[in-house]
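Report on the structure given below.
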Amino acid sequence: MFLVIDGQPFVSHNAYHYTLVKYPNHFGLQLARGGFRKYCRTSLVMQEEDKRDDFQRVYEALSKLYTIPNFSERDNSVLDTLIAVMLSQNTTDRNSTKAFEQLKNRYKDWNQVIEAPLRDLEDCIRVAGLAKTKATRIKSLLETLRKERGELGLENLRESSVDEVEKELSRFKGVGLKTIACVSAFSLGFQVFPVDTHVFRVCKRLGWIHPNYSRDEAFRSLNNTVPLKLRVPLHFLIISHGRKICRSQSPRCEACALQNVCQYFKSSLRRSYQTETI
C-alpha cells in the first residue's frame with residue numbers, strides 16, 4: 001500500500017496513519033478494489049518556481065495547435081462588450097453571439113432596450129439561455145447608467161486603472177470577476193487572465209491552482225503568477241484546449257499535448273498503478 005506525498009511514494013503503513021492524524025485536511029481516502037487508495041491532495045499543486053516555467057511551456061505547446069483570435073479593444077464600445085459578456089454566461093459562444101446580434105438588430109440603441117417591455121427583451125435574447133435573469137440584469141444596468149450619467153456609455157473606463165474598473169463594474173448585479181476581466185482584457189486592453197469554466201478546469205488539472213480554490217480565488221492567484229504578456233493569449237489557448245481535449249467529462253488525456261506538465265495526468269497514472277498494486 002502506497003502513500004504519495006508530493007509525488008514521492010512511501011510504503012510504510014504507520015507513516016500514513018501518523019501523517020493522516022497530524023495533517024488531516026491534506027489527505028483523502030478513496031475506495032479501490034476492496035482496499036483504500038491514499039494520496040495527498042496538495043501533491044497536485046505545483047510549486048511557484050515550477051509554475052513560471054510551465055506557463056511558457058504550455059503557451060508554446062498550445063500555440064502550435066490553436067489559433068489566437070485577432071481583435072482590437074476598440075472594435076466595440078465598453079458597454080457593448082460588457083453586455084455581450086453578460087449574455088455569454090452559462091451558454092456557448094455561438095448562442096451568445098446570436099443573442100447579441102439579435103439584440104443589436106432589434107433595437108437601434110441601448111435607450112430602446114430600456115424602454116422595451118421586459119418580455120420582448122427576454123424573447124430577443126432567449127437563445128442565450130437564462131433569458132429572464134439576463135434581461136432583468138441588462139435593463140437594470142442600463143437604467144442605472146442613464147440615471148447616474150444622463151447617457152449610456154462606459155468609455156470613461158478607458159482612462160481608469162484595473163482596480164477602478166473592477167470597483168465600478170462589480171456593483172452591477174450579474175457582473176462578477178470573470179465578466180470584469182473579459183471587459184478589461186478585450187475592450188480596455190489590460191493584460192488580465194480571465195478565468196471561465198474551461199480555464200478554471202484546465203488550470204486546476206495542470207496544478208496551477210489549489211484543487212479547493214473557488215473561481216474567484218483562482219482568478220486572484222493566477223493573475224499574480226501568469227506573466228503579463230501571456231495572460232490574454234494563454235486564456236484563448238486554454239479555452240480551445242478545454243473544449244477540444246481537456247473536457248469536463250471524459251478528458252482525452254491520451255491525445256493531450258500537455259501530458260508532460262499536467263499534474264492530473266501524472267496523478268491518474270500514479271493512481272492507476274496504485275490500484276493495480278493493492
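Residues in the C-alpha cells are numbered from 1 in each chain, the chains being A, B, ... in the order shown, and ligands are numbered from 1 in the order shown.
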All residues 8 Å or closer to segment 182-193 of chain A, only C-alpha atoms, same chain fewer than 6 positions away omitted, as a PyMOL selection string: chain A and resi 71-78+81-82+85+157-158+162+165+219+222-223+226+228-229+231-232+234-235
Counting only C-alpha atoms, which residues in segment 134-248 of chain A sit no more than 12 Å from segment 90-96 of chain A? For each one, give the nearest pair of atoms and the distance in Å, sorted by chain then residue number, as JSON lines.
```
{"residue": "A:Lys134", "atom": "CA", "partner": "A:Asn90", "partner_atom": "CA", "distance": 10.7}
{"residue": "A:Gly174", "atom": "CA", "partner": "A:Asn90", "partner_atom": "CA", "distance": 11.8}
{"residue": "A:Lys178", "atom": "CA", "partner": "A:Asn90", "partner_atom": "CA", "distance": 12.0}
{"residue": "A:Thr179", "atom": "CA", "partner": "A:Asn90", "partner_atom": "CA", "distance": 11.8}
{"residue": "A:Asp196", "atom": "CA", "partner": "A:Asn90", "partner_atom": "CA", "distance": 9.8}
{"residue": "A:Thr197", "atom": "CA", "partner": "A:Asn90", "partner_atom": "CA", "distance": 9.1}
{"residue": "A:His198", "atom": "CA", "partner": "A:Asn90", "partner_atom": "CA", "distance": 11.6}
{"residue": "A:Ile239", "atom": "CA", "partner": "A:Asp93", "partner_atom": "CA", "distance": 11.4}
{"residue": "A:Ser240", "atom": "CA", "partner": "A:Asp93", "partner_atom": "CA", "distance": 11.8}
{"residue": "A:Arg243", "atom": "CA", "partner": "A:Thr92", "partner_atom": "CA", "distance": 10.7}
```
Backbone DSSP call of helix (DSSP H, G or I) for segment 23-203 of chain A, listed as a PyMOL selection string: chain A and resi 24-26+41-44+48-63+78-87+93-106+110-115+118-128+131-149+155-159+162-169+177-186+197-203
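One finds atom CA of Ala84 of chain A at 29.7 Å from atom CA of Glu60 of chain A.
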Selected residue, from A:Asn260, A:Ser214, A:Gln249, A:Asn111, that lies nearest to Leu142 of chain A when counting only C-alpha atoms: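 That would be A:Asn111, the residue with the smallest distance to Leu142 of chain A.
Between Phe100 of chain A and the residues A:Pro117, A:Ile125, A:Gln112, A:Ala135, the shortest atom-to-atom distance, using only C-alpha atoms, involves A:Ile125.
We find atom CA of Glu254 of chain A and atom CA of Leu237 of chain A to be spaced 18.8 Å apart.
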Among the residues A:Val195, A:Cys256, A:Leu62, A:Ile114, the one that comes closest to Lys147 of chain A [using only C-alpha atoms]: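 The shortest atom-to-atom distance to Lys147 of chain A comes from A:Ile114.
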Residue with smallest distance to Phe236 of chain A - pool A:Leu258, A:Arg171, A:Asn212, A:Leu65, counting only C-alpha atoms: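 Looking only at the distances to Phe236 of chain A, the closest residue turns out to be A:Leu65.
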Atom-to-atom span, atom CA of Leu206 of chain A and atom CA of Phe265 of chain A, Å: 8.3 Å
Pick from A:Ala116, A:Ile83, A:Val199, A:Ala61, whichever lies nearest to Gly153 of chain A using only C-alpha atoms: A:Ile83
